[in-house]
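> This is the content of work-v9.cif (mmCIF, C-alpha atoms):
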```
data_structure
loop_
_atom_site.group_PDB
_atom_site.id
_atom_site.type_symbol
_atom_site.label_atom_id
_atom_site.label_comp_id
_atom_site.auth_asym_id
_atom_site.auth_seq_id
_atom_site.Cartn_x
_atom_site.Cartn_y
_atom_site.Cartn_z
ATOM 1 C CA MET A 14 -0.830 -5.576 -21.723
ATOM 2 C CA GLY A 15 2.550 -4.601 -20.296
ATOM 3 C CA LYS A 16 1.611 -0.918 -20.313
ATOM 4 C CA ALA A 17 -1.778 -1.376 -18.714
ATOM 5 C CA LEU A 18 -2.664 -1.676 -15.077
ATOM 6 C CA LEU A 19 -3.954 -5.216 -14.609
ATOM 7 C CA PHE A 20 -5.510 -7.096 -11.748
ATOM 8 C CA ALA A 21 -5.687 -10.802 -11.069
ATOM 9 C CA LEU A 22 -8.954 -12.428 -10.072
ATOM 10 C CA PHE A 23 -7.788 -16.034 -10.118
ATOM 11 C CA PRO A 24 -4.406 -17.721 -9.553
ATOM 12 C CA MET A 25 -4.156 -18.847 -13.185
ATOM 13 C CA PHE A 26 -3.975 -15.202 -14.228
ATOM 14 C CA ILE A 27 -1.316 -14.234 -11.687
ATOM 15 C CA THR A 28 2.120 -13.583 -13.157
ATOM 16 C CA THR A 29 4.861 -13.482 -10.548
ATOM 17 C CA GLN A 30 7.672 -12.487 -12.895
ATOM 18 C CA VAL A 31 8.563 -8.793 -12.912
ATOM 19 C CA ILE A 32 8.939 -7.520 -16.467
ATOM 20 C CA SER A 33 11.634 -4.912 -17.031
ATOM 21 C CA GLY A 34 10.165 -1.434 -17.126
ATOM 22 C CA GLU A 35 7.168 -2.035 -14.883
ATOM 23 C CA ILE A 36 6.228 -1.703 -11.233
ATOM 24 C CA VAL A 37 4.284 -4.598 -9.741
ATOM 25 C CA ILE A 38 2.157 -4.313 -6.593
ATOM 26 C CA LYS A 39 1.139 -7.634 -5.011
ATOM 27 C CA ILE A 40 -1.528 -7.559 -2.292
ATOM 28 C CA VAL A 41 -0.358 -10.149 0.246
ATOM 29 C CA TYR A 42 -2.611 -9.334 3.225
ATOM 30 C CA ASN A 43 -6.154 -7.982 3.228
ATOM 31 C CA ASN A 44 -9.645 -8.627 4.518
ATOM 32 C CA VAL A 45 -11.080 -7.983 1.047
ATOM 33 C CA VAL A 46 -10.441 -11.217 -0.847
ATOM 34 C CA LEU A 47 -9.854 -11.905 -4.542
ATOM 35 C CA ASP A 48 -7.753 -15.083 -4.452
ATOM 36 C CA LYS A 49 -9.466 -17.635 -2.195
ATOM 37 C CA LYS A 50 -6.334 -19.780 -2.062
ATOM 38 C CA LEU A 51 -4.797 -17.127 0.179
ATOM 39 C CA THR A 52 -5.651 -16.622 3.849
ATOM 40 C CA PRO A 53 -7.493 -13.373 4.632
ATOM 41 C CA GLY A 54 -7.047 -11.285 7.749
ATOM 42 C CA TRP A 55 -8.095 -7.852 8.953
ATOM 43 C CA GLY A 56 -5.337 -5.497 7.867
ATOM 44 C CA MET A 57 -3.194 -4.531 4.937
ATOM 45 C CA ALA A 58 0.125 -5.459 3.337
ATOM 46 C CA CYS A 59 1.510 -5.407 -0.181
ATOM 47 C CA VAL A 60 4.852 -6.000 -1.875
ATOM 48 C CA ILE A 61 6.148 -3.539 -4.482
ATOM 49 C CA GLU A 62 8.639 -4.860 -7.029
ATOM 50 C CA GLY A 63 10.372 -3.179 -9.946
ATOM 51 C CA LEU A 64 11.871 -0.223 -8.081
ATOM 52 C CA GLU A 65 15.463 0.221 -6.924
ATOM 53 C CA LYS A 66 14.435 -1.674 -3.763
ATOM 54 C CA THR A 67 11.748 -4.281 -3.193
ATOM 55 C CA ILE A 68 9.355 -2.870 -0.599
ATOM 56 C CA LEU A 69 6.968 -4.510 1.841
ATOM 57 C CA PHE A 70 4.261 -1.960 2.658
ATOM 58 C CA ASP A 71 2.765 -2.781 6.078
ATOM 59 C CA THR A 72 2.690 -6.296 7.521
ATOM 60 C CA GLY A 73 -0.953 -7.045 8.314
ATOM 61 C CA GLY A 74 -2.088 -8.217 11.720
ATOM 62 C CA ASN A 75 -0.785 -11.790 11.778
ATOM 63 C CA GLY A 76 2.771 -12.713 10.861
ATOM 64 C CA SER A 77 2.054 -16.363 10.111
ATOM 65 C CA ILE A 78 -0.638 -15.393 7.605
ATOM 66 C CA LEU A 79 1.629 -12.746 6.064
ATOM 67 C CA VAL A 80 4.585 -15.088 5.510
ATOM 68 C CA SER A 81 2.327 -17.918 4.312
ATOM 69 C CA ASN A 82 0.591 -15.709 1.738
ATOM 70 C CA MET A 83 3.928 -14.356 0.529
ATOM 71 C CA LYS A 84 5.208 -17.865 -0.038
ATOM 72 C CA LYS A 85 2.021 -18.883 -1.878
ATOM 73 C CA LEU A 86 2.604 -15.930 -4.206
ATOM 74 C CA LYS A 87 6.242 -17.034 -4.621
ATOM 75 C CA ILE A 88 7.585 -13.973 -2.802
ATOM 76 C CA ASP A 89 10.761 -14.727 -0.849
ATOM 77 C CA PRO A 90 10.856 -12.665 2.384
ATOM 78 C CA GLU A 91 14.659 -12.539 2.077
ATOM 79 C CA LYS A 92 14.284 -10.597 -1.190
ATOM 80 C CA ILE A 93 12.598 -7.680 0.602
ATOM 81 C CA ASP A 94 14.979 -4.728 0.979
ATOM 82 C CA LEU A 95 12.773 -2.250 2.816
ATOM 83 C CA VAL A 96 9.707 -2.397 5.068
ATOM 84 C CA PHE A 97 7.439 0.664 5.066
ATOM 85 C CA LEU A 98 5.047 0.881 8.036
ATOM 86 C CA SER A 99 2.203 3.335 7.548
ATOM 87 C CA HIS A 100 0.999 3.694 11.155
ATOM 88 C CA ILE A 101 1.190 2.011 14.537
ATOM 89 C CA HIS A 102 -2.107 0.087 14.519
ATOM 90 C CA SER A 103 -1.618 -3.647 14.987
ATOM 91 C CA ASP A 104 -3.487 -4.629 11.814
ATOM 92 C CA HIS A 105 -0.633 -2.952 9.914
ATOM 93 C CA THR A 106 2.331 -3.786 12.148
ATOM 94 C CA GLY A 107 1.336 -7.100 13.743
ATOM 95 C CA GLY A 108 3.221 -9.215 11.220
ATOM 96 C CA ILE A 109 6.561 -7.445 11.561
ATOM 97 C CA GLU A 110 8.109 -9.807 14.142
ATOM 98 C CA SER A 111 7.408 -12.929 12.072
ATOM 99 C CA PHE A 112 8.714 -11.169 9.002
ATOM 100 C CA LEU A 113 11.925 -10.181 10.779
ATOM 101 C CA ASP A 114 12.360 -13.792 11.871
ATOM 102 C CA ALA A 115 12.482 -14.638 8.155
ATOM 103 C CA ASN A 116 14.528 -11.578 7.135
ATOM 104 C CA PRO A 117 16.047 -9.318 9.821
ATOM 105 C CA ASP A 118 18.406 -7.559 7.397
ATOM 106 C CA VAL A 119 16.082 -4.795 6.185
ATOM 107 C CA GLU A 120 15.540 -1.080 6.443
ATOM 108 C CA ILE A 121 12.292 -0.213 8.247
ATOM 109 C CA VAL A 122 10.775 3.178 7.487
ATOM 110 C CA VAL A 123 8.438 4.363 10.255
ATOM 111 C CA PRO A 124 6.780 7.628 11.281
ATOM 112 C CA ALA A 125 8.956 9.372 13.871
ATOM 113 C CA SER A 126 6.003 9.306 16.281
ATOM 114 C CA PHE A 127 6.165 5.502 16.679
ATOM 115 C CA PRO A 128 6.668 4.491 20.338
ATOM 116 C CA ASN A 129 10.306 4.158 21.381
ATOM 117 C CA ASP A 130 9.772 0.676 22.792
ATOM 118 C CA PHE A 131 8.344 -0.510 19.463
ATOM 119 C CA LYS A 132 11.302 0.937 17.540
ATOM 120 C CA GLY A 133 13.691 -0.527 20.099
ATOM 121 C CA GLU A 134 12.220 -4.006 19.648
ATOM 122 C CA LEU A 135 12.667 -3.775 15.881
ATOM 123 C CA ARG A 136 16.289 -2.698 16.324
ATOM 124 C CA ALA A 137 16.868 -5.587 18.728
ATOM 125 C CA ARG A 138 15.648 -7.950 16.012
ATOM 126 C CA GLY A 139 18.140 -6.500 13.509
ATOM 127 C CA GLY A 140 16.003 -3.948 11.679
ATOM 128 C CA ARG A 141 17.602 -0.671 10.601
ATOM 129 C CA ILE A 142 15.107 2.016 11.592
ATOM 130 C CA ILE A 143 14.602 5.123 9.451
ATOM 131 C CA GLU A 144 12.336 7.667 11.159
ATOM 132 C CA VAL A 145 10.271 9.999 8.992
ATOM 133 C CA SER A 146 8.660 13.319 9.836
ATOM 134 C CA GLU A 147 8.578 15.207 6.534
ATOM 135 C CA PRO A 148 8.257 13.916 2.947
ATOM 136 C CA VAL A 149 11.439 12.069 1.992
ATOM 137 C CA GLU A 150 12.754 9.734 -0.696
ATOM 138 C CA VAL A 151 13.039 6.143 0.596
ATOM 139 C CA CYS A 152 14.557 4.839 -2.651
ATOM 140 C CA LYS A 153 14.709 6.066 -6.234
ATOM 141 C CA ASN A 154 11.199 7.118 -7.358
ATOM 142 C CA ALA A 155 9.591 6.094 -4.039
ATOM 143 C CA TYR A 156 8.759 8.574 -1.287
ATOM 144 C CA SER A 157 7.113 8.880 2.087
ATOM 145 C CA SER A 158 4.368 11.485 2.270
ATOM 146 C CA GLY A 159 5.780 12.362 5.674
ATOM 147 C CA GLN A 160 3.734 11.654 8.765
ATOM 148 C CA MET A 161 0.317 13.272 8.610
ATOM 149 C CA GLY A 162 -2.627 13.550 10.968
ATOM 150 C CA THR A 163 -3.123 14.474 14.610
ATOM 151 C CA SER A 164 -4.126 11.714 17.043
ATOM 152 C CA ILE A 165 -3.089 8.979 14.593
ATOM 153 C CA LYS A 166 0.107 9.788 12.707
ATOM 154 C CA GLU A 167 0.339 8.051 9.352
ATOM 155 C CA GLN A 168 2.592 8.065 6.300
ATOM 156 C CA SER A 169 1.670 6.942 2.786
ATOM 157 C CA LEU A 170 3.940 5.622 0.040
ATOM 158 C CA ILE A 171 4.166 7.664 -3.152
ATOM 159 C CA ILE A 172 5.729 6.174 -6.279
ATOM 160 C CA LYS A 173 6.666 8.087 -9.408
ATOM 161 C CA SER A 174 5.899 6.097 -12.554
ATOM 162 C CA GLU A 175 5.656 6.811 -16.263
ATOM 163 C CA LYS A 176 1.876 6.897 -15.865
ATOM 164 C CA GLY A 177 1.918 9.373 -12.982
ATOM 165 C CA LEU A 178 1.943 9.154 -9.202
ATOM 166 C CA VAL A 179 0.895 5.939 -7.486
ATOM 167 C CA ILE A 180 -0.261 6.468 -3.886
ATOM 168 C CA ILE A 181 -0.535 3.539 -1.453
ATOM 169 C CA THR A 182 -2.322 4.140 1.840
ATOM 170 C CA GLY A 183 -2.625 1.994 4.956
ATOM 171 C CA CYS A 184 -5.845 3.364 6.466
ATOM 172 C CA ALA A 185 -5.792 7.008 5.323
ATOM 173 C CA HIS A 186 -6.585 8.216 8.855
ATOM 174 C CA PRO A 187 -5.472 11.777 7.946
ATOM 175 C CA GLY A 188 -8.078 11.752 5.127
ATOM 176 C CA ILE A 189 -7.650 10.283 1.678
ATOM 177 C CA VAL A 190 -8.240 13.653 -0.007
ATOM 178 C CA LYS A 191 -5.595 15.367 2.144
ATOM 179 C CA ILE A 192 -3.090 12.609 1.329
ATOM 180 C CA VAL A 193 -3.685 12.980 -2.405
ATOM 181 C CA GLU A 194 -3.477 16.775 -2.140
ATOM 182 C CA ARG A 195 -0.114 16.543 -0.376
ATOM 183 C CA ALA A 196 1.248 14.100 -2.953
ATOM 184 C CA SER A 197 0.174 16.355 -5.808
ATOM 185 C CA GLU A 198 1.610 19.479 -4.172
ATOM 186 C CA ARG A 199 4.941 17.935 -3.128
ATOM 187 C CA PHE A 200 5.701 15.685 -6.085
ATOM 188 C CA GLY A 201 3.727 17.118 -9.015
ATOM 189 C CA GLY A 202 2.441 15.290 -12.048
ATOM 190 C CA GLY A 203 -0.882 13.561 -12.430
ATOM 191 C CA ILE A 204 -2.279 11.011 -9.980
ATOM 192 C CA TYR A 205 -2.441 7.675 -11.802
ATOM 193 C CA LEU A 206 -3.586 5.358 -9.010
ATOM 194 C CA VAL A 207 -4.671 5.620 -5.376
ATOM 195 C CA THR A 208 -4.988 2.274 -3.606
ATOM 196 C CA GLY A 209 -5.180 0.848 -0.081
ATOM 197 C CA GLY A 210 -7.446 1.526 2.872
ATOM 198 C CA PHE A 211 -9.505 4.717 2.613
ATOM 199 C CA HIS A 212 -11.042 4.543 6.149
ATOM 200 C CA LEU A 213 -14.640 5.077 5.018
ATOM 201 C CA LYS A 214 -16.313 2.128 6.747
ATOM 202 C CA GLY A 215 -19.360 3.651 8.421
ATOM 203 C CA ALA A 216 -19.247 6.887 6.405
ATOM 204 C CA SER A 217 -22.521 8.146 4.903
ATOM 205 C CA ASP A 218 -23.206 8.122 1.173
ATOM 206 C CA ILE A 219 -23.138 11.932 1.260
ATOM 207 C CA GLN A 220 -19.652 11.901 2.797
ATOM 208 C CA ILE A 221 -18.409 9.280 0.335
ATOM 209 C CA ASN A 222 -19.822 11.156 -2.654
ATOM 210 C CA GLY A 223 -18.059 14.294 -1.452
ATOM 211 C CA ILE A 224 -14.738 12.431 -1.314
ATOM 212 C CA ILE A 225 -15.344 10.918 -4.755
ATOM 213 C CA ASN A 226 -15.998 14.388 -6.173
ATOM 214 C CA ASP A 227 -12.851 15.790 -4.525
ATOM 215 C CA LEU A 228 -10.677 12.972 -5.901
ATOM 216 C CA LYS A 229 -12.177 13.472 -9.361
ATOM 217 C CA LYS A 230 -11.323 17.194 -9.143
ATOM 218 C CA LEU A 231 -7.758 16.243 -8.195
ATOM 219 C CA GLY A 232 -7.536 14.224 -11.404
ATOM 220 C CA VAL A 233 -7.211 10.741 -9.883
ATOM 221 C CA LYS A 234 -7.300 8.399 -12.885
ATOM 222 C CA LYS A 235 -7.675 5.023 -11.140
ATOM 223 C CA VAL A 236 -8.746 3.917 -7.663
ATOM 224 C CA GLY A 237 -8.227 0.624 -5.843
ATOM 225 C CA PRO A 238 -9.905 0.885 -2.420
ATOM 226 C CA SER A 239 -9.812 -2.063 -0.017
ATOM 227 C CA HIS A 240 -9.273 -2.984 3.673
ATOM 228 C CA CYS A 241 -11.058 -0.383 5.852
ATOM 229 C CA THR A 242 -12.848 1.402 3.004
ATOM 230 C CA GLY A 243 -16.122 -0.458 3.621
ATOM 231 C CA GLU A 244 -18.299 -2.413 1.193
ATOM 232 C CA MET A 245 -20.686 0.446 0.410
ATOM 233 C CA ALA A 246 -17.859 2.883 -0.290
ATOM 234 C CA ILE A 247 -16.013 0.348 -2.468
ATOM 235 C CA GLU A 248 -19.130 -0.127 -4.609
ATOM 236 C CA MET A 249 -19.607 3.630 -4.886
ATOM 237 C CA PHE A 250 -16.007 4.024 -6.061
ATOM 238 C CA ARG A 251 -16.559 1.169 -8.523
ATOM 239 C CA ASP A 252 -19.602 2.951 -9.968
ATOM 240 C CA ALA A 253 -17.834 6.331 -10.111
ATOM 241 C CA TRP A 254 -14.647 5.091 -11.844
ATOM 242 C CA GLY A 255 -16.097 2.327 -14.004
ATOM 243 C CA ARG A 256 -13.370 0.768 -16.152
ATOM 244 C CA ASP A 257 -10.761 2.669 -14.137
ATOM 245 C CA PHE A 258 -11.773 0.969 -10.889
ATOM 246 C CA VAL A 259 -9.092 -1.509 -9.763
ATOM 247 C CA ASN A 260 -9.844 -4.620 -7.696
ATOM 248 C CA ALA A 261 -7.130 -4.416 -5.031
ATOM 249 C CA GLY A 262 -8.067 -7.104 -2.538
ATOM 250 C CA LEU A 263 -6.000 -10.039 -1.313
ATOM 251 C CA GLY A 264 -4.170 -11.716 -4.197
ATOM 252 C CA ALA A 265 -4.460 -8.816 -6.647
ATOM 253 C CA ILE A 266 -1.414 -8.204 -8.841
ATOM 254 C CA LEU A 267 -1.212 -4.674 -10.244
ATOM 255 C CA HIS A 268 1.146 -3.961 -13.159
ATOM 256 C CA ILE A 269 2.148 -0.374 -13.894
ATOM 257 C CA SER A 270 4.313 0.616 -16.853
ATOM 258 C CA ASN A 271 7.454 2.453 -15.819
ATOM 259 C CA ASN A 272 9.578 2.810 -18.950
ATOM 260 C CA GLN A 273 11.265 6.024 -17.875
#
```
The structure in this file should be written as structure tokens.

Amino acid sequence: MGKALLFALFPMFITTQVISGEIVIKIVYNNVVLDKKLTPGWGMACVIEGLEKTILFDTGGNGSILVSNMKKLKIDPEKIDLVFLSHIHSDHTGGIESFLDANPDVEIVVPASFPNDFKGELRARGGRIIEVSEPVEVCKNAYSSGQMGTSIKEQSLIIKSEKGLVIITGCAHPGIVKIVERASERFGGGIYLVTGGFHLKGASDIQINGIINDLKKLGVKKVGPSHCTGEMAIEMFRDAWGRDFVNAGLGAILHISNNQ
């Protein structure tokens, strides 16, 4: 199973140990729930292990919930090397202060458009701010898409694995198809997995089917929509991808082979 992408539905199936040669994505904050022993909240956060640096992607909306869920999943906040904030909305940044109380000695990668007072507060708490405009490597085999969008600037995390590109989105405000297109154009290779919020809550079935068709044309092998994707859209993605649909709600543990 080490070379397959797995997901955990119940705590007894969750493995917290990182096996050499694999990337592990642990969903620690989400409003879509898999593990009922964890506390849900509107927002998104996940921890990525197995790369050069351990990354916390977004921080959810409530710091107490974030830190509590991390501890329940046996994730030590002090082991996080880098925080990657996708966009300024509070359901993705609201937990950062509580996290920094537990571990202030981290790099924090943010879109350059973040408000100066927000960045200043993070610096005052000890965070080392890295501002991103264009696509850039944040650690070996992990990249920012660069900030995208107009009114809401957002960056996504792109990971190179043996299986292909893994794309993690916060809310995909710039458009999930545009994010995948940029990743494919800038970093090449096939798209193995796209997961996170797809911002389709309230979209029509015609709109969702169009996005599904576009992602299929782009060669996306697996999808793991959650957070702001919406229940109807999640079920439509489940139907479209079948066995390649990934449950990526709160408590999911995704294993991706990376024997490069």
> As a check of understanding, name the residues that the PyMOL selection byres ((chain A and resi 103) around 12) selects in the supplied structure, as a list in words.
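Residues picked by the PyMOL selection byres ((chain A and resi 103) around 12): Gly54, Trp55, Gly56, Met57, Ala58, Asp71, Thr72, Gly73, Gly74, Asn75, Gly76, Leu98, Ser99, His100, Ile101, His102, Asp104, His105, Thr106, Gly107, Gly108, Ile109, Glu110, Phe131, Gly183 and Cys184 of chain A.
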> Neighbouring residues of Gly264 (chain A) were defined as those with any atom within 8 Å, considering all atoms listed in the file; residues of the same chain fewer than 6 positions away were excluded. Please report them as a CSV table (one decimal) with C-alpha atoms, keeping the file's coordinate frame.

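To be explicit, this is the file written out as selection15.csv:
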```
chain,number,residue,atom,x,y,z
A,21,ALA,CA,-5.7,-10.8,-11.1
A,22,LEU,CA,-9.0,-12.4,-10.1
A,39,LYS,CA,1.1,-7.6,-5.0
A,40,ILE,CA,-1.5,-7.6,-2.3
A,41,VAL,CA,-0.4,-10.1,0.2
A,42,TYR,CA,-2.6,-9.3,3.2
A,46,VAL,CA,-10.4,-11.2,-0.8
A,47,LEU,CA,-9.9,-11.9,-4.5
A,48,ASP,CA,-7.8,-15.1,-4.5
A,51,LEU,CA,-4.8,-17.1,0.2
A,86,LEU,CA,2.6,-15.9,-4.2
```
> When the PyMOL selection byres ((chain A and resi 251-257) around 9) is applied to the file above, which residues end up in the set, as a list in words?
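Checking the PyMOL selection byres ((chain A and resi 251-257) around 9) against this file, the residues are Ile225, Lys234, Lys235, Val236, Gly237, Ala246, Ile247, Glu248, Met249, Phe250, Phe258, Val259 and Asn260 of chain A.
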> Quick one: residues within 7 Å of Ser239 (chain A), all atoms listed in the file, excluding same-chain residues fewer than 3 positions away - as a list in words?
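So, after excluding close chain neighbours, the residues are Val45, Gly209, Gly210, Thr242, Ala261 and Gly262 of chain A.
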> Which residues, written as a count of residues only, have at least one atom at most 7 Å from Gly177 (chain A), with all atoms listed in the file counted and residues fewer than 4 positions away on the same chain left out?
5
> What residues come out when you apply the PyMOL selection byres ((chain A and resi 139-141) around 7) to this file, written as a list in words?
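In the shown coordinates, the PyMOL selection byres ((chain A and resi 139-141) around 7) covers Pro117, Asp118, Val119, Glu120, Ile121, Leu135, Arg136, Ala137, Arg138, Ile142 and Ile143 of chain A.
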> May I have the selected residues written with C-alpha atoms, as a PDB file, keeping the file's coordinate frame?

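Output (selection.pdb):
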```pdb
ATOM      1  CA  PRO A 117      16.047  -9.318   9.821  1.00  0.00           C
ATOM      2  CA  ASP A 118      18.406  -7.559   7.397  1.00  0.00           C
ATOM      3  CA  VAL A 119      16.082  -4.795   6.185  1.00  0.00           C
ATOM      4  CA  GLU A 120      15.540  -1.080   6.443  1.00  0.00           C
ATOM      5  CA  ILE A 121      12.292  -0.213   8.247  1.00  0.00           C
ATOM      6  CA  LEU A 135      12.667  -3.775  15.881  1.00  0.00           C
ATOM      7  CA  ARG A 136      16.289  -2.698  16.324  1.00  0.00           C
ATOM      8  CA  ALA A 137      16.868  -5.587  18.728  1.00  0.00           C
ATOM      9  CA  ARG A 138      15.648  -7.950  16.012  1.00  0.00           C
ATOM     10  CA  ILE A 142      15.107   2.016  11.592  1.00  0.00           C
ATOM     11  CA  ILE A 143      14.602   5.123   9.451  1.00  0.00           C
TER      12      ILE A 143
END
```
> Between A:Glu134, A:Glu194, A:Glu244, A:Glu144, which residue has the minimum interatomic distance to Gly215 (chain A), considering all atoms listed in the file?
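Closest residue, counting all atoms listed in the file: A:Glu244.
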> Give the answer as one residue: which of A:Ile172, A:Ile165, A:Met245, A:Met83 has the shortest atom-to-atom distance to Lys153 (chain A), using only C-alpha atoms?
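The closest residue to Lys153 (chain A) is A:Ile172.
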> CA of Glu167 (chain A) to CA of Leu263 (chain A): how many Å, to one decimal?
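One can read the CA of Glu167 (chain A) to CA of Leu263 (chain A) distance as 21.9 Å.
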> One decimal, in Å: what's the spacing between CA of Leu267 (chain A) and CA of Ile38 (chain A)?
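For CA of Leu267 (chain A) relative to CA of Ile38 (chain A), the distance reads 5.0 Å.
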> Hey, which of A:Ser126, A:Asn226, A:Asn44, A:Ser217 ends up closest to Val190 (chain A)? Count only C-alpha atoms.
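Closest residue, counting only C-alpha atoms: A:Asn226.
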